[in-house]
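upload30.txt (compact mmCIF, C-alpha atoms and all ligand atoms)
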# COMPACT_ATOMS: atom_id res chain seq x y z
CA MET A 1 208.97 83.31 100.62
CA LYS A 2 209.56 84.55 97.10
CA ASN A 3 212.63 86.75 96.86
CA LEU A 4 210.88 90.06 97.17
CA THR A 5 212.91 93.08 96.11
CA ARG A 6 212.59 96.31 98.06
CA ARG A 7 210.81 97.87 95.06
CA ASP A 8 208.35 94.93 94.80
CA PHE A 9 207.56 95.27 98.44
CA LEU A 10 207.11 99.01 98.33
CA ASP A 11 204.83 98.68 95.28
CA ARG A 12 202.76 96.11 97.11
CA SER A 13 202.79 98.20 100.26
CA ALA A 14 201.56 101.25 98.36
CA LYS A 15 198.68 99.17 96.96
CA LEU A 16 197.82 97.93 100.44
CA ALA A 17 197.92 101.49 101.76
CA ALA A 18 195.72 102.63 98.89
CA ALA A 19 193.29 99.90 99.89
CA SER A 20 193.12 101.79 103.20
CA ILE A 21 194.94 99.25 105.33
CA LEU A 22 195.74 101.15 108.50
CA ALA A 23 199.33 102.34 108.77
CA PRO A 24 199.91 103.31 112.42
CA LEU A 25 203.49 102.17 112.10
CA ALA A 26 204.13 105.02 109.66
CA ALA A 27 205.35 107.35 112.39
CA HIS A 28 208.09 104.93 113.25
CA ALA A 29 208.98 104.31 109.62
CA LEU A 30 209.41 108.03 109.07
CA GLU A 31 212.25 108.00 111.57
CA LEU A 32 214.12 105.73 109.18
CA SER A 33 215.77 106.95 106.04
CA PRO A 34 214.30 105.32 102.89
CA ASP A 35 217.13 102.84 102.54
CA LYS A 36 217.69 102.11 106.18
CA LYS A 37 217.36 98.47 107.08
CA ILE A 38 216.02 97.23 110.39
CA LYS A 39 218.93 96.21 112.59
CA VAL A 40 218.08 92.81 113.99
CA ALA A 41 219.44 90.75 116.87
CA ILE A 42 218.43 87.15 117.47
CA ILE A 43 218.51 85.56 120.93
CA GLY A 44 218.36 81.76 121.08
CA CYS A 45 220.43 80.10 118.37
CA GLY A 46 218.93 76.61 118.52
CA SER A 47 216.70 74.64 116.16
CA VAL A 48 214.21 77.30 115.08
CA SER A 49 216.92 79.91 114.50
CA THR A 50 218.20 77.73 111.67
CA GLN A 51 214.78 78.26 110.05
CA TYR A 52 214.58 82.00 110.77
CA LEU A 53 218.09 83.08 109.81
CA PRO A 54 218.11 81.93 106.16
CA HIS A 55 214.82 83.76 105.65
CA LEU A 56 215.92 86.93 107.45
CA SER A 57 219.27 87.00 105.71
CA LYS A 58 217.53 87.21 102.30
CA SER A 59 215.31 90.15 103.25
CA PRO A 60 216.19 93.55 101.74
CA PHE A 61 214.81 95.15 104.92
CA VAL A 62 216.96 93.31 107.44
CA GLU A 63 220.51 93.84 108.63
CA LEU A 64 221.50 91.01 110.97
CA VAL A 65 223.60 92.68 113.66
CA SER A 66 223.94 90.29 116.61
CA ALA A 67 223.38 86.70 117.69
CA CYS A 68 223.12 85.63 121.33
CA ASP A 69 222.87 82.30 123.13
CA ILE A 70 223.76 81.13 126.63
CA ILE A 71 225.52 78.29 124.84
CA PRO A 72 228.13 80.65 123.35
CA GLU A 73 229.32 78.33 120.56
CA ARG A 74 225.78 78.32 119.13
CA ALA A 75 225.79 82.11 118.86
CA LYS A 76 229.27 82.00 117.34
CA ARG A 77 228.26 79.33 114.81
CA ALA A 78 225.15 81.29 113.78
CA ALA A 79 227.22 84.47 113.44
CA GLU A 80 229.78 82.74 111.24
CA LYS A 81 227.23 81.01 109.05
CA TYR A 82 225.05 84.07 108.44
CA ASN A 83 227.73 86.72 108.43
CA ILE A 84 226.47 88.37 111.63
CA PRO A 85 229.17 90.74 112.93
CA ASN A 86 228.53 90.32 116.70
CA HIS A 87 227.78 87.41 118.98
CA TYR A 88 227.18 87.35 122.74
CA PRO A 89 226.75 84.75 125.51
CA HIS A 90 224.18 86.70 127.56
CA ILE A 91 221.32 89.16 127.04
CA ASP A 92 223.06 91.78 129.20
CA ALA A 93 226.02 91.77 126.81
CA LEU A 94 223.68 91.77 123.81
CA LEU A 95 221.78 94.83 125.04
CA ALA A 96 224.99 96.62 126.00
CA GLY A 97 226.66 95.72 122.70
CA ALA A 98 226.15 96.77 119.08
CA ASN A 99 223.02 98.86 118.55
CA PHE A 100 219.93 97.24 117.02
CA ASP A 101 216.20 97.97 116.49
CA LEU A 102 214.45 94.59 116.81
CA MET A 103 215.12 91.59 119.04
CA ILE A 104 213.91 88.21 117.82
CA THR A 105 213.37 85.80 120.70
CA THR A 106 213.81 82.14 119.83
CA THR A 107 214.91 80.74 123.18
CA ASP A 108 213.25 78.16 125.45
CA MET A 109 209.58 79.13 125.88
CA GLN A 110 209.92 79.76 129.62
CA GLU A 111 212.47 82.55 128.99
CA HIS A 112 210.45 84.55 126.47
CA GLY A 113 208.59 86.86 128.87
CA ARG A 114 211.68 87.78 130.88
CA LEU A 115 213.89 88.40 127.84
CA ASN A 116 211.19 90.27 125.92
CA LYS A 117 210.71 92.61 128.89
CA MET A 118 214.44 93.31 129.09
CA ALA A 119 214.55 94.14 125.39
CA LEU A 120 211.54 96.48 125.62
CA LEU A 121 213.03 98.21 128.65
CA ALA A 122 216.18 98.72 126.59
CA GLY A 123 214.11 100.38 123.83
CA LYS A 124 214.00 97.50 121.34
CA HIS A 125 211.05 96.27 119.28
CA VAL A 126 210.38 92.56 119.83
CA TRP A 127 209.28 89.61 117.72
CA SER A 128 208.88 86.59 119.98
CA GLU A 129 208.41 82.94 119.27
CA LYS A 130 205.36 81.55 120.98
CA PRO A 131 204.32 82.08 123.65
CA LEU A 132 205.37 85.72 124.00
CA ALA A 133 205.09 85.36 127.80
CA ASN A 134 204.35 82.66 130.36
CA SER A 135 200.88 83.97 131.15
CA TYR A 136 198.28 86.29 129.68
CA ALA A 137 198.88 88.79 132.51
CA GLU A 138 202.61 88.83 131.84
CA GLY A 139 201.99 89.21 128.09
CA LYS A 140 199.50 92.05 128.61
CA ALA A 141 202.01 93.84 130.86
CA LEU A 142 204.61 93.50 128.09
CA LEU A 143 202.21 95.04 125.58
CA ASP A 144 201.43 97.92 127.96
CA LEU A 145 205.17 98.45 128.43
CA ALA A 146 205.77 98.41 124.68
CA LYS A 147 202.99 100.95 124.10
CA SER A 148 204.28 103.22 126.87
CA LYS A 149 207.65 103.29 125.13
CA ASN A 150 206.24 103.63 121.60
CA LEU A 151 207.67 100.21 120.71
CA HIS A 152 206.17 97.25 118.89
CA LEU A 153 205.77 93.72 120.17
CA TRP A 154 204.63 90.75 118.11
CA GLY A 155 204.29 87.03 118.71
CA ALA A 156 204.41 83.94 116.51
CA PRO A 157 202.85 82.13 114.77
CA ALA A 158 202.43 83.70 111.33
CA VAL A 159 199.59 81.43 110.12
CA VAL A 160 197.28 84.39 109.40
CA ASN A 161 199.66 85.41 106.59
CA SER A 162 198.93 82.45 104.32
CA PRO A 163 196.77 83.03 101.23
CA GLN A 164 194.70 80.03 102.31
CA PHE A 165 193.92 81.76 105.62
CA ALA A 166 193.05 84.98 103.76
CA PHE A 167 190.75 83.10 101.37
CA MET A 168 188.98 81.27 104.18
CA ALA A 169 188.60 84.46 106.20
CA ARG A 170 187.16 86.33 103.21
CA SER A 171 184.79 83.48 102.36
CA ILE A 172 183.41 83.59 105.90
CA GLN A 173 183.07 87.38 105.83
CA GLU A 174 181.32 87.24 102.45
CA GLY A 175 178.80 84.76 103.85
CA LYS A 176 179.76 81.94 101.47
CA LEU A 177 179.35 79.43 104.31
CA GLY A 178 176.15 80.98 105.60
CA LYS A 179 175.99 81.04 109.38
CA VAL A 180 179.19 79.40 110.62
CA SER A 181 178.37 76.89 113.33
CA ALA A 182 181.32 74.59 113.94
CA ALA A 183 185.01 74.01 113.28
CA HIS A 184 187.72 71.50 114.08
CA ALA A 185 191.52 71.62 113.83
CA HIS A 186 194.32 69.27 114.78
CA TYR A 187 198.11 69.17 114.88
CA GLY A 188 200.46 66.75 116.51
CA HIS A 189 203.64 64.73 116.17
CA LEU A 190 205.77 62.60 118.45
CA GLY A 191 207.33 65.59 120.19
CA PRO A 192 210.70 67.37 119.97
CA THR A 193 213.66 65.18 120.89
CA TRP A 194 216.30 67.86 121.42
CA SER A 195 215.35 70.03 124.40
CA ALA A 196 213.75 69.36 127.79
CA PHE A 197 211.93 72.69 128.04
CA PHE A 198 209.11 71.48 125.80
CA TYR A 199 208.09 69.06 128.58
CA GLU A 200 208.82 71.22 131.65
CA GLN A 201 206.50 73.62 133.50
CA GLY A 202 205.62 76.38 131.04
CA GLY A 203 206.19 74.12 128.05
CA GLY A 204 203.64 71.72 126.61
CA SER A 205 201.92 70.79 123.39
CA LEU A 206 199.42 73.67 123.67
CA PRO A 207 201.93 76.55 123.38
CA ASP A 208 204.17 74.57 121.02
CA LEU A 209 201.62 72.98 118.64
CA GLY A 210 198.03 73.83 119.54
CA VAL A 211 198.93 77.51 119.27
CA TYR A 212 198.86 77.28 115.44
CA ASN A 213 195.31 75.91 115.27
CA LEU A 214 194.13 78.25 118.03
CA ALA A 215 195.50 81.22 116.08
CA SER A 216 193.87 79.96 112.88
CA LEU A 217 190.44 79.26 114.36
CA THR A 218 190.22 82.46 116.41
CA GLY A 219 191.58 84.38 113.40
CA LEU A 220 188.87 82.88 111.17
CA LEU A 221 185.90 82.73 113.56
CA GLY A 222 186.70 85.66 115.85
CA PRO A 223 187.55 85.93 119.55
CA ALA A 224 186.53 83.10 121.85
CA LYS A 225 184.43 84.05 124.87
CA SER A 226 184.78 80.81 126.82
CA VAL A 227 186.87 77.64 126.86
CA MET A 228 186.51 74.11 128.18
CA ALA A 229 189.32 71.60 127.90
CA MET A 230 190.81 68.32 128.93
CA THR A 231 194.56 67.84 128.98
CA ASN A 232 196.80 65.07 130.28
CA ILE A 233 200.17 63.38 129.95
CA ILE A 234 200.34 60.25 127.80
CA THR A 235 204.12 59.71 127.92
CA PRO A 236 205.38 60.51 131.45
CA ASP A 237 209.06 59.76 130.78
CA ARG A 238 211.11 60.92 127.82
CA VAL A 239 214.71 61.05 126.74
CA VAL A 240 215.94 64.35 125.29
CA ASP A 241 219.30 65.27 123.80
CA ASN A 242 220.14 68.05 126.27
CA ASN A 243 219.06 66.36 129.51
CA GLY A 244 218.83 62.57 129.16
CA LYS A 245 215.85 60.94 130.85
CA ILE A 246 213.24 63.44 132.10
CA LYS A 247 209.82 63.45 133.74
CA VAL A 248 207.14 65.14 131.62
CA VAL A 249 205.38 67.86 133.60
CA ALA A 250 203.54 69.90 130.94
CA GLU A 251 200.54 68.45 129.06
CA ASP A 252 201.43 66.39 126.02
CA ASN A 253 197.82 65.72 125.00
CA ALA A 254 195.06 68.34 124.76
CA MET A 255 191.46 68.76 123.61
CA VAL A 256 190.16 72.32 123.69
CA LEU A 257 186.60 73.52 123.03
CA MET A 258 185.99 77.19 122.28
CA GLU A 259 182.76 79.14 122.16
CA HIS A 260 183.31 82.09 119.86
CA ALA A 261 181.53 85.41 120.36
CA SER A 262 179.78 84.73 117.02
CA GLY A 263 178.15 81.63 118.53
CA ALA A 264 180.29 79.16 116.56
CA LEU A 265 181.72 76.26 118.56
CA SER A 266 185.18 75.00 117.65
CA HIS A 267 187.54 72.29 118.74
CA VAL A 268 191.35 72.01 118.67
CA GLN A 269 193.28 68.85 119.45
CA CYS A 270 197.04 68.71 119.72
CA GLY A 271 199.68 66.54 121.28
CA PHE A 272 203.17 65.10 121.37
CA ASN A 273 201.91 61.53 120.92
CA TYR A 274 200.62 61.56 117.35
CA PHE A 275 202.11 59.19 114.84
CA ASP A 276 203.08 61.60 112.07
CA PRO A 277 204.65 60.22 108.92
CA TYR A 278 204.41 63.57 107.13
CA GLY A 279 207.88 64.91 107.91
CA HIS A 280 208.98 68.17 109.52
CA GLU A 281 208.17 70.06 106.32
CA GLY A 282 204.57 68.86 106.56
CA ALA A 283 204.41 68.44 102.77
CA GLY A 284 203.12 64.86 103.04
CA GLN A 285 200.10 65.97 105.04
CA GLU A 286 197.58 66.04 102.21
CA LYS A 287 194.43 65.74 104.28
CA PRO A 288 192.45 68.54 105.89
CA THR A 289 193.69 69.71 109.27
CA ILE A 290 191.10 72.46 109.66
CA SER A 291 187.42 72.00 108.84
CA ILE A 292 184.74 74.65 109.07
CA TRP A 293 181.01 74.11 108.68
CA GLY A 294 178.24 76.62 108.05
CA THR A 295 174.60 76.49 107.00
CA LYS A 296 175.45 77.11 103.32
CA GLY A 297 178.89 75.57 102.86
CA ASN A 298 181.94 73.90 104.28
CA MET A 299 185.68 74.46 103.90
CA ASN A 300 188.72 72.31 104.60
CA LEU A 301 192.28 73.59 104.80
CA ILE A 302 194.58 71.07 103.10
CA GLY A 303 197.96 70.51 104.76
CA TYR A 304 198.88 72.08 108.08
CA ASP A 305 197.93 75.70 108.69
CA TRP A 306 201.66 76.51 108.97
CA ALA A 307 202.29 74.83 105.57
CA PRO A 308 198.95 74.85 103.71
CA PHE A 309 198.57 74.08 100.04
CA GLY A 310 194.88 74.23 99.29
CA VAL A 311 191.34 74.81 100.44
CA ASP A 312 188.55 72.35 99.57
CA MET A 313 185.22 74.08 99.48
CA ALA A 314 181.60 73.11 98.81
CA THR A 315 178.74 75.62 98.96
CA LEU A 316 175.04 75.81 98.22
CA ASP A 317 175.89 77.40 94.84
CA ASN A 318 178.65 74.92 94.06
CA GLU A 319 177.98 71.62 95.78
CA LYS A 320 180.81 69.68 94.17
CA THR A 321 183.89 70.14 96.36
CA ALA A 322 186.50 72.24 94.56
CA ARG A 323 190.22 72.45 95.45
CA LEU A 324 191.11 76.17 95.57
CA VAL A 325 194.10 78.38 96.57
CA THR A 326 196.77 75.86 95.67
CA ASP A 327 199.55 78.48 95.49
CA ALA A 328 201.28 79.46 98.75
CA GLU A 329 202.23 82.80 97.11
CA GLY A 330 205.50 82.83 98.99
CA TYR A 331 204.02 82.18 102.43
CA VAL A 332 206.21 80.08 104.74
CA TRP A 333 205.78 79.71 108.50
CA GLN A 334 209.33 81.01 109.08
CA GLN A 335 208.46 84.43 107.64
CA GLY A 336 206.99 86.15 110.74
CA ALA A 337 210.04 88.07 111.91
CA THR A 338 210.95 89.03 108.33
CA VAL A 339 207.45 90.30 107.63
CA ILE A 340 207.35 92.51 110.70
CA SER A 341 210.84 93.83 109.89
CA GLN A 342 209.37 94.90 106.55
CA SER A 343 206.49 96.51 108.42
CA LEU A 344 208.85 98.42 110.70
CA ALA A 345 210.82 99.63 107.68
CA THR A 346 207.80 100.67 105.61
CA GLY A 347 205.23 101.63 108.21
CA ILE A 348 202.60 99.24 106.84
CA GLU A 349 200.71 97.43 109.58
CA PRO A 350 201.11 93.65 109.22
CA ARG A 351 198.16 91.26 109.51
CA ILE A 352 199.88 89.53 112.42
CA ASN A 353 198.53 91.22 115.51
CA VAL A 354 199.88 91.14 119.06
CA GLU A 355 196.43 91.28 120.66
CA HIS A 356 195.56 88.16 118.68
CA ALA A 357 198.69 86.43 120.04
CA LEU A 358 197.68 87.50 123.56
CA HIS A 359 194.16 86.18 123.06
CA VAL A 360 195.57 82.79 122.04
CA LEU A 361 197.76 82.85 125.15
CA GLU A 362 194.67 83.51 127.26
CA VAL A 363 192.91 80.54 125.57
CA ILE A 364 195.87 78.27 126.42
CA GLU A 365 195.86 79.40 130.03
CA ALA A 366 192.09 78.96 130.23
CA ALA A 367 192.37 75.44 128.79
CA ARG A 368 194.75 74.53 131.58
CA ARG A 369 192.52 76.09 134.21
CA SER A 370 189.54 74.20 132.79
CA GLN A 371 191.45 70.93 133.13
CA GLU A 372 192.39 71.78 136.73
CA THR A 373 188.91 72.85 137.80
CA GLY A 374 186.57 70.94 135.49
CA MET A 375 184.94 74.31 134.78
CA ARG A 376 184.13 76.35 131.70
CA ILE A 377 186.45 79.39 131.76
CA ALA A 378 185.33 82.85 130.57
CA LEU A 379 187.84 84.93 128.58
CA LYS A 380 188.29 88.70 128.71
CA SER A 381 190.63 89.51 125.83
CA ILE A 382 189.63 90.40 122.27
CA PHE A 383 191.56 91.43 119.17
CA PRO A 384 190.76 93.38 115.99
CA TYR A 385 188.40 91.20 113.95
CA PRO A 386 187.90 90.45 111.10
CA MET A 387 191.61 90.07 110.41
CA VAL A 388 191.08 90.13 106.64
CA SER A 389 188.65 92.64 105.15
N1 LIG B 401 212.33 73.97 116.40
C1 LIG B 401 211.33 74.29 115.60
O1 LIG B 401 211.18 73.77 114.50
C2 LIG B 401 210.36 75.34 116.03
C3 LIG B 401 209.38 75.75 115.11
C4 LIG B 401 208.53 76.78 115.44
C5 LIG B 401 208.64 77.39 116.67
N2 LIG B 401 209.58 76.97 117.58
C6 LIG B 401 209.67 77.67 118.88
O2 LIG B 401 210.97 78.28 118.96
C7 LIG B 401 211.39 78.33 120.33
C8 LIG B 401 212.75 77.68 120.45
O3 LIG B 401 212.62 76.32 120.06
P1 LIG B 401 213.87 75.50 119.51
O4 LIG B 401 213.33 74.24 118.96
O5 LIG B 401 214.70 76.37 118.63
O6 LIG B 401 214.65 75.19 120.88
P2 LIG B 401 216.21 74.89 121.05
O7 LIG B 401 216.37 74.26 122.37
O8 LIG B 401 216.72 74.18 119.84
O9 LIG B 401 216.85 76.35 121.06
C9 LIG B 401 216.69 77.26 122.13
C10 LIG B 401 218.00 78.00 122.32
O10 LIG B 401 217.79 79.06 123.24
C11 LIG B 401 218.94 79.15 124.06
N3 LIG B 401 218.59 79.85 125.29
C12 LIG B 401 217.80 79.42 126.31
N4 LIG B 401 217.68 80.36 127.26
C13 LIG B 401 218.41 81.43 126.83
C14 LIG B 401 218.67 82.71 127.38
N5 LIG B 401 218.17 83.10 128.56
N6 LIG B 401 219.44 83.56 126.67
C15 LIG B 401 219.96 83.18 125.47
N7 LIG B 401 219.75 81.97 124.92
C16 LIG B 401 218.97 81.11 125.58
C17 LIG B 401 219.35 77.72 124.26
O11 LIG B 401 220.69 77.61 124.69
C18 LIG B 401 219.11 77.13 122.89
O12 LIG B 401 220.24 77.22 122.06
C19 LIG B 401 210.28 77.68 121.14
O13 LIG B 401 209.41 78.68 121.58
C20 LIG B 401 209.57 76.79 120.12
O14 LIG B 401 208.21 76.57 120.47
C21 LIG B 401 210.45 75.95 117.27
Taking this structure as input, can you express it in the form of structure tokens?
Ligand SMILES: NC(=O)c1ccc[n+]([C@@H]2O[C@H](COP(=O)([O-])OP(=O)(O)OC[C@H]3O[C@@H](n4cnc5c(N)ncnc54)[C@H](O)[C@@H]3O)[C@@H](O)[C@H]2O)c1
Amino acid sequence: MKNLTRRDFLDRSAKLAAASILAPLAAHALELSPDKKIKVAIIGCGSVSTQYLPHLSKSPFVELVSACDIIPERAKRAAEKYNIPNHYPHIDALLAGANFDLMITTTDMQEHGRLNKMALLAGKHVWSEKPLANSYAEGKALLDLAKSKNLHLWGAPAVVNSPQFAFMARSIQEGKLGKVSAAHAHYGHLGPTWSAFFYEQGGGSLPDLGVYNLASLTGLLGPAKSVMAMTNIITPDRVVDNNGKIKVVAEDNAMVLMEHASGALSHVQCGFNYFDPYGHEGAGQEKPTISIWGTKGNMNLIGYDWAPFGVDMATLDNEKTARLVTDAEGYVWQQGATVISQSLATGIEPRINVEHALHVLEVIEAARRSQETGMRIALKSIFPYPMVS
């Protein structure tokens, strides 16, 4: 993300507000004095925290207050490196310790729901890594709890924030593709090597990887109304840094079909068994990972949706494929928690939407149920759509 000064952000926020973006967070922002920063605590000081903390520490809206990890030396190391005054070995100590406004949850996936609930009960806003809970029902209960306490809850990923996503969403809304009929997205690599939880019950390639494409395609095409899927395990045994040799329990290979309320049919494939020479930054991935077809045009997102760097588009009016939106405009996948901290401080509603995250969680659960039953699974959740006006 570009180094945005507070003034830059407020100028931009004022423009967004003038463009009548809803600002229901304003009531909360008014409780803060103009220069007050959002006091932030991070729980889970493993791999992804090393991506979040540099970004958060540069934000003019964030004051990093506490770090917490059940492996205490990780919390201590993070605190030392990022000048965080407090560190704790347990959530109870974190919640009883130095005051803060927002908890960022970057622990093992299976712990998210439990920890997020504890933070909400303690009166904290929450940004959670994906998934924000272990099931749709648990996630919906968290949202109801947050609302009852006038708190905010958000879930990763932040793919809807990229300018490429915004361009694709606008192009669809403006009818540049005609009637959108079909879409495909894919993301995979050979799987994390450091922690067992990715392969245990409640882990899996769908909530870790497929979640990005599911967020992108539902964000672009609108809520899905039914899902069919096949999932399986290609590599039943793995060796991971924190647990040696393990049995893989969660799916490491998935194909998901969605029927969107608009009528479009889309497909997401993801897995932990994809040869991937493009590096963790994704910069070497120069081919499309998302393709969308309509009756008057097609669009391809170049690079991964979490690190895009272009959109190739051909339409009835311009049949020669053109490479567009080549500037990331400061978007990086690590920005989610920083962006919602800005939103809490300024009262401007972010594009990232918790109901969207819950919908994606319901799709993941439905995909698993479809695999178990061989059935097409109907969905009940929706989210505010279109996401970009
Ligand atoms: N690693 C990445 O590049 C990456 C990228 C995007 C999203 N994510 C997501 O971030 C989350 C964490 O992944 P990771 O790769 O950082 O895992 P990790 O294993 O490296 O880190 C998880 C940390 O959480 C701690 N932890 C577990 N339970 C805890 C508890 N109850 N209280 C406090 N601390 C606890 C662990 O000790 C560990 O240090 C996952 O949801 C993952 O899908 C990871």
Within 6 Å of ligand LIG 401 (chain B) (counting all atoms listed in the file), which residues show up? I'd like them as a PyMOL selection string. chain A and resi 43-49+68-71+90-91+106-109+111+129-130+195+208
Quick one: pull the distance between atom CA of Ala137 of chain A and atom CA of Gly222 of chain A, Å, one decimal.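 Going from atom CA of Ala137 of chain A over to atom CA of Gly222 of chain A covers 20.9 Å.
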Go through A:Ser291, A:Gln110, A:Asn242, A:Thr193 and flag the residue nearest Ser216 of chain A, using all atoms listed in the file for the distances.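 That would be A:Ser291, the residue with the smallest distance to Ser216 of chain A.
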Please, what distance in Å, to one decimal, runs between atom CA of Phe165 of chain A and atom CA of Leu344 of chain A?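 For atom CA of Phe165 of chain A relative to atom CA of Leu344 of chain A, the distance reads 22.9 Å.
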Kindly extract all protein, DNA and RNA residues lying within 10 Å of the coordinates (196.7, 74.2, 99.9) given in the file, considering all atoms listed in the file, and supply them as a list in words.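 Those within range, by chain then number, are Ser162, Pro163, Gln164, Phe165, Glu286, Lys287, Pro288, Asn300, Leu301, Ile302, Gly303, Tyr304, Asp305, Ala307, Pro308, Phe309, Gly310, Val311, Asp312, Arg323, Leu324, Val325, Thr326, Asp327 and Ala328 of chain A.
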Could the residues in this selection be written to a file with C-alpha atoms, as a short mmCIF file (atom, residue, chain, number, x, y, z; two decimals), in the frame of the given file?
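Result went into result.cif, see below:
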data_model
loop_
_atom_site.label_atom_id
_atom_site.label_comp_id
_atom_site.auth_asym_id
_atom_site.auth_seq_id
_atom_site.Cartn_x
_atom_site.Cartn_y
_atom_site.Cartn_z
CA SER A 162 198.93 82.45 104.32
CA PRO A 163 196.77 83.03 101.23
CA GLN A 164 194.70 80.03 102.31
CA PHE A 165 193.92 81.76 105.62
CA GLU A 286 197.58 66.04 102.21
CA LYS A 287 194.43 65.74 104.28
CA PRO A 288 192.45 68.54 105.89
CA ASN A 300 188.72 72.31 104.60
CA LEU A 301 192.28 73.59 104.80
CA ILE A 302 194.58 71.07 103.10
CA GLY A 303 197.96 70.51 104.76
CA TYR A 304 198.88 72.08 108.08
CA ASP A 305 197.93 75.70 108.69
CA ALA A 307 202.29 74.83 105.57
CA PRO A 308 198.95 74.85 103.71
CA PHE A 309 198.57 74.08 100.04
CA GLY A 310 194.88 74.23 99.29
CA VAL A 311 191.34 74.81 100.44
CA ASP A 312 188.55 72.35 99.57
CA ARG A 323 190.22 72.45 95.45
CA LEU A 324 191.11 76.17 95.57
CA VAL A 325 194.10 78.38 96.57
CA THR A 326 196.77 75.86 95.67
CA ASP A 327 199.55 78.48 95.49
CA ALA A 328 201.28 79.46 98.75
#
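Nearest-residue note for Ala250 of chain A: choosing from A:Arg368, A:Lys380, A:His125, A:Arg74, the minimum distance belongs to A:Arg368, counting all atoms listed in the file.
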Can you tell me which residues surround segment 233-237 of chain A at a distance of at most 8 Å, considering only C-alpha atoms, apart from same-chain residues fewer than 6 positions away, and format the answer as JSON, numbers by chain? {"A": [245, 246, 247, 248, 249, 250, 251, 252, 253, 273]}
Separation of atom CA of Ala169 of chain A from atom CA of Ser389 of chain A, in Å and rounded to one decimal: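 Straight-line distance from atom CA of Ala169 of chain A to atom CA of Ser389 of chain A works out to 8.2 Å.
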Counting all atoms listed in the file, which residue out of A:Ile104, A:Leu358, A:Arg351, A:Ile84 sits closest to Ala141 of chain A?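 Among the listed residues, the smallest separation from Ala141 of chain A belongs to A:Leu358.
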Selection: 12 Å around Lys179 of chain A, only C-alpha atoms, excl. self and same-chain fewer than 6 positions, as a short mmCIF file (atom, residue, chain, number, x, y, z; two decimals) with C-alpha atoms, in the coordinates of the input:
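Result file part.cif:
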data_model
loop_
_atom_site.label_atom_id
_atom_site.label_comp_id
_atom_site.auth_asym_id
_atom_site.auth_seq_id
_atom_site.Cartn_x
_atom_site.Cartn_y
_atom_site.Cartn_z
CA SER A 171 184.79 83.48 102.36
CA ILE A 172 183.41 83.59 105.90
CA GLN A 173 183.07 87.38 105.83
CA LEU A 221 185.90 82.73 113.56
CA SER A 262 179.78 84.73 117.02
CA GLY A 263 178.15 81.63 118.53
CA ALA A 264 180.29 79.16 116.56
CA LEU A 265 181.72 76.26 118.56
CA ILE A 292 184.74 74.65 109.07
CA TRP A 293 181.01 74.11 108.68
CA GLY A 294 178.24 76.62 108.05
CA THR A 295 174.60 76.49 107.00
CA LYS A 296 175.45 77.11 103.32
CA GLY A 297 178.89 75.57 102.86
CA ASN A 298 181.94 73.90 104.28
#
Using only C-alpha atoms, the shortest atom-to-atom distance to Pro350 of chain A among A:Val62, A:Ala337, A:Val239, A:Leu217 belongs to A:Ala337
Quick one: residues within 7 Å of segment 229-232 of chain A, all atoms listed in the file counted, chain neighbours fewer than 6 positions away excluded, as a count of residues only? 10
Excluding same-chain residues fewer than 3 positions from Arg369 of chain A, what lies within 12 Å of it counting all atoms listed in the file, as a list in words? Ser135, Ser226, Val227, Met228, Ala229, Met230, Thr231, Val256, Glu362, Val363, Ile364, Glu365, Ala366, Glu372, Thr373, Gly374, Met375, Arg376, Ile377, Ala378 and Leu379 of chain A
Selected residues, C-alpha atoms, written as a PDB file, keeping the file's coordinate frame, please.
ATOM      1  CA  SER A 135     200.880  83.970 131.150  1.00  0.00           C
ATOM      2  CA  SER A 226     184.780  80.810 126.820  1.00  0.00           C
ATOM      3  CA  VAL A 227     186.870  77.640 126.860  1.00  0.00           C
ATOM      4  CA  MET A 228     186.510  74.110 128.180  1.00  0.00           C
ATOM      5  CA  ALA A 229     189.320  71.600 127.900  1.00  0.00           C
ATOM      6  CA  MET A 230     190.810  68.320 128.930  1.00  0.00           C
ATOM      7  CA  THR A 231     194.560  67.840 128.980  1.00  0.00           C
ATOM      8  CA  VAL A 256     190.160  72.320 123.690  1.00  0.00           C
ATOM      9  CA  GLU A 362     194.670  83.510 127.260  1.00  0.00           C
ATOM     10  CA  VAL A 363     192.910  80.540 125.570  1.00  0.00           C
ATOM     11  CA  ILE A 364     195.870  78.270 126.420  1.00  0.00           C
ATOM     12  CA  GLU A 365     195.860  79.400 130.030  1.00  0.00           C
ATOM     13  CA  ALA A 366     192.090  78.960 130.230  1.00  0.00           C
ATOM     14  CA  GLU A 372     192.390  71.780 136.730  1.00  0.00           C
ATOM     15  CA  THR A 373     188.910  72.850 137.800  1.00  0.00           C
ATOM     16  CA  GLY A 374     186.570  70.940 135.490  1.00  0.00           C
ATOM     17  CA  MET A 375     184.940  74.310 134.780  1.00  0.00           C
ATOM     18  CA  ARG A 376     184.130  76.350 131.700  1.00  0.00           C
ATOM     19  CA  ILE A 377     186.450  79.390 131.760  1.00  0.00           C
ATOM     20  CA  ALA A 378     185.330  82.850 130.570  1.00  0.00           C
ATOM     21  CA  LEU A 379     187.840  84.930 128.580  1.00  0.00           C
TER      22      LEU A 379
END
With only C-alpha atoms as the basis for distance, which of A:Tyr385, A:Phe100, A:Trp306, A:Phe61 is at the shortest distance from Ala119 of chain A? A:Phe100
